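Below: query.cif (mmCIF, C-alpha atoms)
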```cif
data_final
#
loop_
_atom_site.label_atom_id
_atom_site.label_comp_id
_atom_site.auth_asym_id
_atom_site.auth_seq_id
_atom_site.Cartn_x
_atom_site.Cartn_y
_atom_site.Cartn_z
CA MET Y 16 -14.45 81.01 -15.39
CA ARG Y 17 -16.06 83.15 -18.04
CA ILE Y 18 -18.10 82.70 -21.18
CA SER Y 19 -16.09 82.12 -24.34
CA ILE Y 20 -17.85 84.04 -27.10
CA ALA Y 21 -15.35 82.65 -29.60
CA ARG Y 22 -16.32 79.12 -28.62
CA ILE Y 23 -20.01 79.82 -28.89
CA LYS Y 24 -19.53 81.44 -32.30
CA ALA Y 25 -17.54 78.42 -33.47
CA LEU Y 26 -20.33 76.09 -32.35
CA CYS Y 27 -22.84 78.32 -34.17
CA ARG Y 28 -20.77 78.12 -37.35
CA GLU Y 29 -20.70 74.32 -37.10
CA ARG Y 30 -24.48 74.38 -37.04
CA GLY Y 31 -24.73 76.97 -39.80
CA GLU Y 32 -26.18 79.52 -37.44
CA THR Y 33 -25.24 83.05 -36.36
CA LEU Y 34 -24.86 84.15 -32.78
CA SER Y 35 -27.80 86.55 -33.17
CA GLY Y 36 -29.92 83.78 -34.64
CA LEU Y 37 -28.96 81.46 -31.80
CA LEU Y 38 -29.88 84.02 -29.14
CA ALA Y 39 -33.21 84.69 -30.81
CA ALA Y 40 -33.98 80.98 -31.09
CA ALA Y 41 -32.97 80.41 -27.47
CA GLY Y 42 -35.14 83.32 -26.33
CA VAL Y 43 -32.16 85.14 -24.81
CA SER Y 44 -31.80 88.93 -25.23
CA ARG Y 45 -28.49 90.33 -26.53
CA ASN Y 46 -28.28 92.54 -23.44
CA ALA Y 47 -28.63 89.63 -21.05
CA PHE Y 48 -26.10 87.57 -22.99
CA TYR Y 49 -23.41 90.25 -23.27
CA SER Y 50 -23.95 91.33 -19.69
CA LEU Y 51 -23.11 87.78 -18.60
CA ALA Y 52 -20.28 87.51 -21.11
CA ARG Y 53 -18.58 90.61 -19.71
CA ARG Y 54 -18.33 89.12 -16.23
CA LYS Y 55 -14.95 87.82 -15.07
CA SER Y 56 -16.68 84.75 -13.68
CA VAL Y 57 -20.13 83.38 -14.32
CA PHE Y 58 -20.07 81.50 -11.01
CA PRO Y 59 -21.52 83.03 -7.85
CA ARG Y 60 -18.89 84.22 -5.35
CA THR Y 61 -20.03 81.53 -2.89
CA LEU Y 62 -19.08 78.77 -5.28
CA GLU Y 63 -15.76 80.43 -6.13
CA ALA Y 64 -14.94 80.67 -2.41
CA VAL Y 65 -15.87 77.05 -1.66
CA GLY Y 66 -13.87 75.85 -4.68
CA ALA Y 67 -10.86 77.95 -3.69
CA ARG Y 68 -10.97 76.54 -0.18
CA LEU Y 69 -11.14 72.98 -1.54
CA GLY Y 70 -8.48 73.67 -4.13
CA VAL Y 71 -10.73 72.78 -7.08
CA ARG Y 72 -12.27 74.76 -9.90
CA PRO Y 73 -15.85 75.82 -9.21
CA ASP Y 74 -17.16 73.76 -12.13
CA ALA Y 75 -15.85 70.65 -10.36
CA LEU Y 76 -18.47 71.28 -7.72
CA LEU Y 77 -21.32 71.08 -10.18
CA THR Y 78 -23.42 68.11 -11.19
CA ALA Y 79 -25.94 67.86 -13.96
CA ASP Y 80 -29.44 67.93 -12.54
CA ASP Y 81 -30.06 64.48 -13.90
CA ALA Y 82 -31.48 61.87 -11.58
CA GLY Y 83 -30.97 59.20 -14.25
CA THR Y 84 -27.22 59.77 -14.33
CA GLU Y 85 -26.93 59.59 -10.57
CA GLU Y 86 -29.04 56.46 -10.50
CA MET Y 87 -26.85 54.80 -13.12
CA ARG Y 88 -23.69 55.75 -11.21
CA ALA Y 89 -25.12 54.10 -8.10
CA LEU Y 90 -26.10 51.04 -10.09
CA LEU Y 91 -22.62 50.73 -11.63
CA ALA Y 92 -21.12 50.97 -8.15
CA ASP Y 93 -23.38 48.07 -7.14
CA VAL Y 94 -22.21 46.13 -10.20
CA ASP Y 95 -18.59 46.74 -9.21
CA GLU Y 96 -19.21 45.35 -5.78
CA ILE Y 97 -21.12 42.32 -7.03
CA VAL Y 98 -18.37 41.53 -9.54
CA ARG Y 99 -15.73 41.95 -6.84
CA ARG Y 100 -17.54 39.63 -4.44
CA ASN Y 101 -18.58 37.02 -7.01
CA ARG Y 102 -15.61 35.71 -8.91
CA GLY Y 103 -16.14 35.00 -12.58
CA ILE Y 104 -19.52 36.68 -12.84
CA ASP Y 105 -20.11 38.45 -16.12
CA ARG Y 106 -20.23 42.20 -15.59
CA GLU Y 107 -22.70 42.81 -18.44
CA THR Y 108 -25.12 40.21 -17.12
CA ALA Y 109 -24.91 41.68 -13.63
CA ARG Y 110 -25.58 45.18 -14.97
CA HIS Y 111 -28.49 44.09 -17.17
CA THR Y 112 -30.00 42.15 -14.29
CA LEU Y 113 -29.81 45.09 -11.89
CA VAL Y 114 -31.39 47.34 -14.52
CA LEU Y 115 -34.17 44.82 -15.12
CA LEU Y 116 -34.81 44.37 -11.40
CA LYS Y 117 -35.75 48.04 -11.26
CA GLU Y 118 -38.52 47.44 -13.78
CA LYS Y 119 -41.92 45.86 -13.29
CA PRO Y 120 -41.94 42.11 -14.08
CA VAL Y 121 -44.37 42.64 -16.96
CA ASP Y 122 -41.99 45.14 -18.55
CA ARG Y 123 -39.07 42.73 -18.16
CA LEU Y 124 -41.06 40.10 -20.01
CA ARG Y 125 -42.06 42.55 -22.73
CA ARG Y 126 -38.40 43.41 -23.27
CA ALA Y 127 -37.51 39.74 -23.68
CA LEU Y 128 -40.33 39.24 -26.18
CA VAL Y 129 -39.69 42.45 -28.10
CA ARG Y 130 -36.02 41.67 -28.51
CA SER Y 131 -36.84 38.36 -30.11
CA GLN Y 132 -38.97 40.20 -32.65
CA ARG Y 133 -36.33 42.84 -33.24
CA PRO Y 134 -32.94 41.21 -33.87
CA ASP Y 135 -31.53 44.65 -34.71
CA ILE Y 136 -31.84 45.69 -31.04
CA HIS Y 137 -28.74 44.91 -29.00
CA MET N 6 -50.39 37.94 -34.07
CA SER N 7 -49.78 40.69 -31.56
CA ALA N 8 -46.15 41.12 -32.57
CA ARG N 9 -47.15 41.80 -36.12
CA LYS N 10 -49.35 44.59 -34.93
CA GLY N 11 -46.37 46.14 -33.17
CA LEU N 12 -47.52 45.29 -29.66
CA ILE N 13 -46.30 42.47 -27.54
CA PHE N 14 -47.83 41.04 -24.41
CA THR N 15 -50.66 43.47 -24.12
CA GLU N 16 -53.79 43.38 -22.00
CA ARG N 17 -55.12 40.69 -24.35
CA GLU N 18 -52.48 38.15 -23.35
CA ILE N 19 -52.52 39.26 -19.72
CA ARG N 20 -56.25 38.63 -19.67
CA PHE N 21 -55.77 34.97 -20.51
CA LEU N 22 -53.35 34.55 -17.61
CA ARG N 23 -55.76 36.39 -15.35
CA GLU N 24 -58.57 34.03 -16.36
CA LEU N 25 -56.36 31.02 -15.59
CA VAL N 26 -55.51 32.41 -12.16
CA ARG N 27 -59.11 33.39 -11.50
CA ALA N 28 -60.30 29.90 -12.41
CA ARG N 29 -57.61 28.41 -10.11
CA VAL N 30 -56.09 26.37 -12.91
CA ASP N 31 -52.92 24.56 -11.78
CA PHE N 32 -50.23 26.00 -14.02
CA MET N 33 -47.03 27.99 -13.96
CA ILE N 34 -44.91 30.01 -16.32
CA VAL N 35 -41.66 28.23 -17.11
CA GLY N 36 -38.72 28.60 -19.48
CA LEU N 37 -37.02 31.80 -20.52
CA SER N 38 -40.13 33.93 -20.13
CA ALA N 39 -40.19 32.88 -16.47
CA ALA N 40 -36.51 33.82 -16.22
CA ALA N 41 -37.23 37.18 -17.87
CA LEU N 42 -39.98 37.92 -15.36
CA GLN N 43 -37.43 37.43 -12.60
CA GLY N 44 -34.86 39.77 -14.12
CA ALA N 45 -32.80 37.68 -16.53
CA ALA N 46 -31.60 39.52 -19.62
CA VAL N 47 -32.79 36.91 -22.10
CA VAL N 48 -34.68 36.81 -25.37
CA THR N 49 -37.66 34.60 -25.99
CA GLN N 50 -40.33 34.20 -28.62
CA ASP N 51 -43.06 32.75 -26.48
CA ILE N 52 -44.37 32.21 -23.00
CA ASP N 53 -44.24 28.60 -21.90
CA LEU N 54 -47.06 27.42 -19.68
CA TRP N 55 -46.79 24.16 -17.78
CA PHE N 56 -50.16 22.73 -16.75
CA LYS N 57 -50.80 20.02 -14.23
CA ASP N 58 -53.65 18.60 -16.27
CA LEU N 59 -54.35 19.71 -19.81
CA GLU N 60 -57.75 18.06 -19.60
CA ASP N 61 -58.80 20.43 -16.84
CA PRO N 62 -62.10 21.93 -18.10
CA ARG N 63 -61.22 25.24 -16.44
CA ILE N 64 -58.52 25.74 -19.08
CA ARG N 65 -61.16 25.52 -21.84
CA LYS N 66 -63.32 28.00 -19.95
CA ALA N 67 -60.46 30.45 -19.63
CA LEU N 68 -59.71 30.06 -23.32
CA LYS N 69 -63.33 30.64 -24.21
CA LYS N 70 -63.38 33.86 -22.24
CA VAL N 71 -60.62 35.28 -24.40
CA GLY N 72 -62.05 33.91 -27.63
CA ALA N 73 -59.54 31.09 -28.02
CA THR N 74 -59.63 27.32 -28.23
CA TYR N 75 -57.50 24.27 -27.50
CA LEU N 76 -56.22 22.04 -30.28
CA PRO N 77 -55.14 18.60 -29.01
CA PRO N 78 -51.96 16.89 -30.31
CA ILE N 79 -52.18 15.81 -33.94
CA GLY N 80 -49.62 13.26 -35.03
CA ASP N 81 -46.21 14.52 -33.93
CA ASN N 82 -47.54 18.02 -33.39
CA PRO N 83 -47.91 19.08 -29.77
CA PRO N 84 -51.14 20.57 -28.44
CA VAL N 85 -51.60 24.29 -29.05
CA PHE N 86 -53.87 27.13 -28.11
CA VAL N 87 -55.58 28.78 -31.05
CA GLY N 88 -56.64 32.41 -31.17
CA ASP N 89 -55.21 35.91 -31.50
CA ASN N 90 -55.05 36.43 -27.75
CA VAL N 91 -53.10 33.28 -27.00
CA GLU N 92 -50.61 32.99 -29.84
CA LEU N 93 -47.71 33.93 -27.59
CA PHE N 94 -48.36 30.98 -25.29
CA ASP N 95 -46.83 27.56 -25.74
CA ILE N 96 -47.94 24.47 -23.88
CA VAL N 97 -45.28 22.56 -21.99
CA LEU N 98 -46.02 18.94 -21.23
CA SER N 99 -43.04 18.19 -19.00
CA MET N 100 -39.84 19.82 -17.80
CA HIS N 101 -36.62 17.89 -18.27
CA GLY N 102 -34.46 17.44 -15.21
CA LEU N 103 -37.18 18.52 -12.82
CA GLY N 104 -39.59 16.75 -10.50
CA GLU N 105 -43.31 16.20 -10.94
CA PHE N 106 -45.56 19.20 -11.49
CA ASP N 107 -46.91 19.23 -7.93
CA LYS N 108 -43.47 19.27 -6.38
CA GLU N 109 -42.22 22.06 -8.63
CA ARG N 110 -45.44 24.02 -8.23
CA LYS N 111 -44.90 24.18 -4.47
CA ALA N 112 -41.59 25.93 -5.02
CA ALA N 113 -43.02 28.33 -7.62
CA ILE N 114 -42.83 32.01 -6.84
CA ARG N 115 -45.74 34.33 -7.36
CA ILE N 116 -44.96 37.36 -9.48
CA PRO N 117 -47.30 40.34 -9.85
CA LEU N 118 -48.58 40.96 -13.33
CA GLY N 119 -50.64 44.04 -12.81
CA PRO N 120 -53.47 43.43 -10.35
CA PHE N 121 -52.89 39.70 -9.94
CA LYS N 122 -50.00 37.28 -9.39
CA VAL N 123 -48.91 34.38 -11.56
CA PRO N 124 -46.98 31.30 -10.46
CA VAL N 125 -43.51 31.23 -11.99
CA LEU N 126 -40.81 28.57 -11.91
CA PRO N 127 -37.78 29.95 -9.99
CA ILE N 128 -34.59 30.64 -11.94
CA GLU N 129 -32.75 27.92 -10.01
CA ARG N 130 -35.14 25.34 -11.42
CA ILE N 131 -35.08 26.80 -14.93
CA LEU N 132 -31.30 26.53 -14.81
CA ARG N 133 -31.54 22.94 -13.61
CA SER N 134 -33.84 22.07 -16.51
CA LYS N 135 -31.57 23.73 -19.07
CA GLN N 136 -28.60 21.87 -17.62
CA ALA N 137 -30.47 18.61 -18.04
CA LEU N 138 -31.51 19.37 -21.63
CA ARG N 139 -28.06 20.43 -22.83
CA ARG N 140 -29.35 21.40 -26.27
CA PRO N 141 -27.12 23.98 -28.00
CA LYS N 142 -29.76 26.68 -27.52
CA ASP N 143 -30.05 25.83 -23.83
CA ARG N 144 -26.29 25.83 -23.33
CA LEU N 145 -26.22 29.40 -24.60
CA TYR N 146 -28.25 30.52 -21.62
CA LEU N 147 -26.58 28.50 -18.86
CA ARG N 148 -23.99 31.17 -18.13
CA VAL N 149 -26.53 34.02 -18.31
CA LEU N 150 -28.99 32.30 -16.00
CA GLY N 151 -26.26 31.31 -13.56
CA ASP N 152 -24.88 34.84 -13.40
CA THR N 153 -28.38 36.31 -13.14
CA LEU N 154 -29.07 34.10 -10.16
CA ARG N 155 -25.84 35.15 -8.47
CA THR N 156 -26.60 38.82 -9.15
CA ILE N 157 -30.10 38.56 -7.71
CA LYS N 158 -28.79 36.83 -4.59
CA ALA N 159 -26.00 39.38 -4.17
CA SER N 160 -28.45 42.22 -4.71
CA LYS N 161 -30.89 40.82 -2.13
CA SER N 162 -28.09 40.30 0.33
CA ARG N 163 -27.01 43.93 -0.12
CA CYS N 164 -30.59 45.13 0.35
CA ASN N 165 -30.96 43.08 3.54
CA LYS N 166 -27.71 44.47 4.91
CA GLY N 167 -28.67 48.02 3.91
#
```
Take the structure in the file and give it back as structure tokens.
Amino acid sequence: MRISIARIKALCRERGETLSGLLAAAGVSRNAFYSLARRKSVFPRTLEAVGARLGVRPDALLTADDAGTEEMRALLADVDEIVRRNRGIDRETARHTLVLLKEKPVDRLRRALVRSQRPDIH
Amino acid sequence: MSARKGLIFTEREIRFLRELVRARVDFMIVGLSAAALQGAAVVTQDIDLWFKDLEDPRIRKALKKVGATYLPPIGDNPPVFVGDNVELFDIVLSMHGLGEFDKERKAAIRIPLGPFKVPVLPIERILRSKQALRRPKDRLYLRVLGDTLRTIKASKSRCNKG
């Protein structure tokens, strides 16, 4: 997989920016950018090889370095299991409860009080 | 009021609860704020406090320490606490559908609120009280409280297995 300069330029246009302006703002030199853009694949050979062996594209082996996302995935898996094991339970309530159980009691209470003061929060 | 100043349940309110605990006043947090403390996704405007004896002089002392006072019932108006630091608190005189204070207090759970713990009526009992009241606003929360309870039990059971 390689860098699509056309795609990046299109995104720049949408934001009213030029590619040069974007690189400058991002602190990336033109040399570094075009050097990477010329490569046939931006992925290291190791990842290409593992992906090829598994029969998937190398980007399928990546995950965003985001602990919050992983935590939410795990929580939603817990919700699935609770809903499966407890017939009729409301999924939203189960999810909210599991989220709240991760917080300190005082913060749970603050949420309940704040929401009553802010009917625009859902 | 704290809410008007953009802050809700700050150190000022916590201090009053701490003074009650420190003075060993017999009380517990009940109602939806108690449910919220235990993980229920509910909305509430105040924190209901159920006291064994409103005439307990230790309550007045705790109030004094946070610059507040007690106003006894006037006509049909229930007793209230007066003062900036206690406006969020409501006084509960009895809980419908539940037993006497002492009996319920024994089953109360202690929840940490910073460096100290407060006695809180368990969700099972809050649910029981709401079922007994059956007011429209209580009925709204029956399903939420019931499902919250089931979720907490399921979650604990998973943790114990894990």
Inset, instruction - Determine which residues of chain Y sit within 9 Å of chain N, taking into account all atoms listed in the file, and present them as an NGL selection string. - result: :Y and (93-94 or 97-98 or 100-101 or 103-106 or 108-132)
Inset, instruction - Can you work out the spacing between CA of Lys122 (chain N) and CA of Met87 (chain Y) in Å, to one decimal? - result: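 It comes out at 29.3 Å.
Taking CA of Ala41 (chain Y) and CA of Ala75 (chain Y) as endpoints, the distance between them is 26.1 Å.
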Legend entry - Exercise: Val71 (chain N) partners within 9 Å, all atoms listed in the file, chain neighbours under 2 positions left out, as a PyMOL selection string: chain N and resi 17-18+20-21+24+66-69+73-74+88-91
Inset, instruction - For Asp95 (chain N), work out the shell of residues within 9 Å, counting all atoms listed in the file and skipping chain neighbours fewer than 6 positions away, then give it as a ChimeraX atom specification. - result: /N:51-55,84-86
Inset, instruction - Carefully work through the PyMOL selection byres ((chain N and resi 63) around 12) for this structure and note down the residues it includes, as a PyMOL selection string. - result: chain N and resi 21+24-32+56-62+64-70+75
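The interatomic distance for the pair CA of His101 (chain N) and CA of Ile79 (chain N) works out to 22.2 Å.
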Is it possible to get the residues within 9 Å of (-17.4, 77.9, -6.1) (coordinates as in the file, counting only C-alpha atoms) written as an mmCIF file with C-alpha atoms, in the frame of the given file?
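Saved result, out11.cif, follows:
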```
data_model
loop_
_atom_site.group_PDB
_atom_site.id
_atom_site.type_symbol
_atom_site.label_atom_id
_atom_site.label_comp_id
_atom_site.auth_asym_id
_atom_site.auth_seq_id
_atom_site.Cartn_x
_atom_site.Cartn_y
_atom_site.Cartn_z
ATOM 1 C CA PHE Y 58 -20.070 81.500 -11.010
ATOM 2 C CA PRO Y 59 -21.520 83.030 -7.850
ATOM 3 C CA ARG Y 60 -18.890 84.220 -5.350
ATOM 4 C CA THR Y 61 -20.030 81.530 -2.890
ATOM 5 C CA LEU Y 62 -19.080 78.770 -5.280
ATOM 6 C CA GLU Y 63 -15.760 80.430 -6.130
ATOM 7 C CA ALA Y 64 -14.940 80.670 -2.410
ATOM 8 C CA VAL Y 65 -15.870 77.050 -1.660
ATOM 9 C CA GLY Y 66 -13.870 75.850 -4.680
ATOM 10 C CA ALA Y 67 -10.860 77.950 -3.690
ATOM 11 C CA ARG Y 68 -10.970 76.540 -0.180
ATOM 12 C CA VAL Y 71 -10.730 72.780 -7.080
ATOM 13 C CA ARG Y 72 -12.270 74.760 -9.900
ATOM 14 C CA PRO Y 73 -15.850 75.820 -9.210
ATOM 15 C CA ASP Y 74 -17.160 73.760 -12.130
ATOM 16 C CA ALA Y 75 -15.850 70.650 -10.360
ATOM 17 C CA LEU Y 76 -18.470 71.280 -7.720
ATOM 18 C CA LEU Y 77 -21.320 71.080 -10.180
#
```
Inset, instruction - Anything within 8 Å of (-45.3, 29.5, -8.7): list those residues as a list of chain:residue names, counting all atoms listed in the file and sticking to the file's coordinates. - result: N:Met33, N:Ile34, N:Arg110, N:Lys111, N:Ala112, N:Ala113, N:Ile114, N:Arg115, N:Ile116, N:Val123, N:Pro124, N:Val125, N:Leu126, N:Pro127
Inset, instruction - Carefully work through the PyMOL selection byres ((chain Y and resi 48) around 12) for this structure and note down the residues it includes, as JSON, numbers by chain. - result: {"Y": [18, 19, 20, 23, 34, 35, 37, 38, 39, 41, 42, 43, 44, 45, 46, 47, 49, 50, 51, 52, 53, 54, 57]}
Inset, instruction - Tell me which of Y:Leu91, Y:Glu96, Y:Arg102, Y:Arg17 sits closest to Ser56 (chain Y), counting all atoms listed in the file. - result: Y:Arg17
Can you take the partial region 109-131 of chain Y, add N, CA and C atoms, and return it as an mmCIF file, keeping the file's coordinate frame?
```cif
data_model
loop_
_atom_site.group_PDB
_atom_site.id
_atom_site.type_symbol
_atom_site.label_atom_id
_atom_site.label_comp_id
_atom_site.auth_asym_id
_atom_site.auth_seq_id
_atom_site.Cartn_x
_atom_site.Cartn_y
_atom_site.Cartn_z
ATOM 1 N N ALA Y 109 -24.574 41.087 -14.930
ATOM 2 C CA ALA Y 109 -24.910 41.680 -13.630
ATOM 3 C C ALA Y 109 -25.573 43.043 -13.831
ATOM 4 N N ARG Y 110 -25.012 43.838 -14.735
ATOM 5 C CA ARG Y 110 -25.580 45.180 -14.970
ATOM 6 C C ARG Y 110 -26.995 45.089 -15.532
ATOM 7 N N HIS Y 111 -27.156 44.237 -16.565
ATOM 8 C CA HIS Y 111 -28.490 44.090 -17.170
ATOM 9 C C HIS Y 111 -29.504 43.613 -16.120
ATOM 10 N N THR Y 112 -29.071 42.680 -15.291
ATOM 11 C CA THR Y 112 -30.000 42.150 -14.290
ATOM 12 C C THR Y 112 -30.420 43.237 -13.305
ATOM 13 N N LEU Y 113 -29.462 44.030 -12.840
ATOM 14 C CA LEU Y 113 -29.810 45.090 -11.890
ATOM 15 C C LEU Y 113 -30.739 46.125 -12.534
ATOM 16 N N VAL Y 114 -30.503 46.397 -13.816
ATOM 17 C CA VAL Y 114 -31.390 47.340 -14.520
ATOM 18 C C VAL Y 114 -32.796 46.750 -14.606
ATOM 19 N N LEU Y 115 -32.864 45.467 -14.967
ATOM 20 C CA LEU Y 115 -34.170 44.820 -15.120
ATOM 21 C C LEU Y 115 -34.907 44.701 -13.779
ATOM 22 N N LEU Y 116 -34.164 44.507 -12.712
ATOM 23 C CA LEU Y 116 -34.810 44.370 -11.400
ATOM 24 C C LEU Y 116 -35.494 45.671 -10.971
ATOM 25 N N LYS Y 117 -35.102 46.757 -11.574
ATOM 26 C CA LYS Y 117 -35.750 48.040 -11.260
ATOM 27 C C LYS Y 117 -37.079 48.190 -11.998
ATOM 28 N N GLU Y 118 -37.282 47.343 -12.985
ATOM 29 C CA GLU Y 118 -38.520 47.440 -13.780
ATOM 30 C C GLU Y 118 -39.604 46.518 -13.223
ATOM 31 N N LYS Y 119 -40.823 46.754 -13.674
ATOM 32 C CA LYS Y 119 -41.920 45.860 -13.290
ATOM 33 C C LYS Y 119 -41.710 44.536 -14.038
ATOM 34 N N PRO Y 120 -42.098 43.403 -13.405
ATOM 35 C CA PRO Y 120 -41.940 42.110 -14.080
ATOM 36 C C PRO Y 120 -42.546 42.079 -15.483
ATOM 37 N N VAL Y 121 -43.715 42.681 -15.639
ATOM 38 C CA VAL Y 121 -44.370 42.640 -16.960
ATOM 39 C C VAL Y 121 -43.519 43.360 -18.011
ATOM 40 N N ASP Y 122 -42.839 44.423 -17.603
ATOM 41 C CA ASP Y 122 -41.990 45.140 -18.550
ATOM 42 C C ASP Y 122 -40.729 44.341 -18.888
ATOM 43 N N ARG Y 123 -40.234 43.583 -17.891
ATOM 44 C CA ARG Y 123 -39.070 42.730 -18.160
ATOM 45 C C ARG Y 123 -39.440 41.696 -19.222
ATOM 46 N N LEU Y 124 -40.624 41.126 -19.058
ATOM 47 C CA LEU Y 124 -41.060 40.100 -20.010
ATOM 48 C C LEU Y 124 -41.258 40.707 -21.393
ATOM 49 N N ARG Y 125 -41.836 41.889 -21.432
ATOM 50 C CA ARG Y 125 -42.060 42.550 -22.730
ATOM 51 C C ARG Y 125 -40.725 42.772 -23.440
ATOM 52 N N ARG Y 126 -39.726 43.197 -22.678
ATOM 53 C CA ARG Y 126 -38.400 43.410 -23.270
ATOM 54 C C ARG Y 126 -37.887 42.131 -23.931
ATOM 55 N N ALA Y 127 -38.020 41.019 -23.173
ATOM 56 C CA ALA Y 127 -37.510 39.740 -23.680
ATOM 57 C C ALA Y 127 -38.239 39.341 -24.956
ATOM 58 N N LEU Y 128 -39.542 39.604 -25.000
ATOM 59 C CA LEU Y 128 -40.330 39.240 -26.180
ATOM 60 C C LEU Y 128 -40.054 40.178 -27.344
ATOM 61 N N VAL Y 129 -39.934 41.460 -27.043
ATOM 62 C CA VAL Y 129 -39.690 42.450 -28.100
ATOM 63 C C VAL Y 129 -38.347 42.185 -28.760
ATOM 64 N N ARG Y 130 -37.343 41.888 -27.946
ATOM 65 C CA ARG Y 130 -36.020 41.670 -28.510
ATOM 66 C C ARG Y 130 -35.985 40.480 -29.462
ATOM 67 N N SER Y 131 -36.830 39.501 -29.191
ATOM 68 C CA SER Y 131 -36.840 38.360 -30.110
ATOM 69 C C SER Y 131 -37.486 38.722 -31.443
#
```
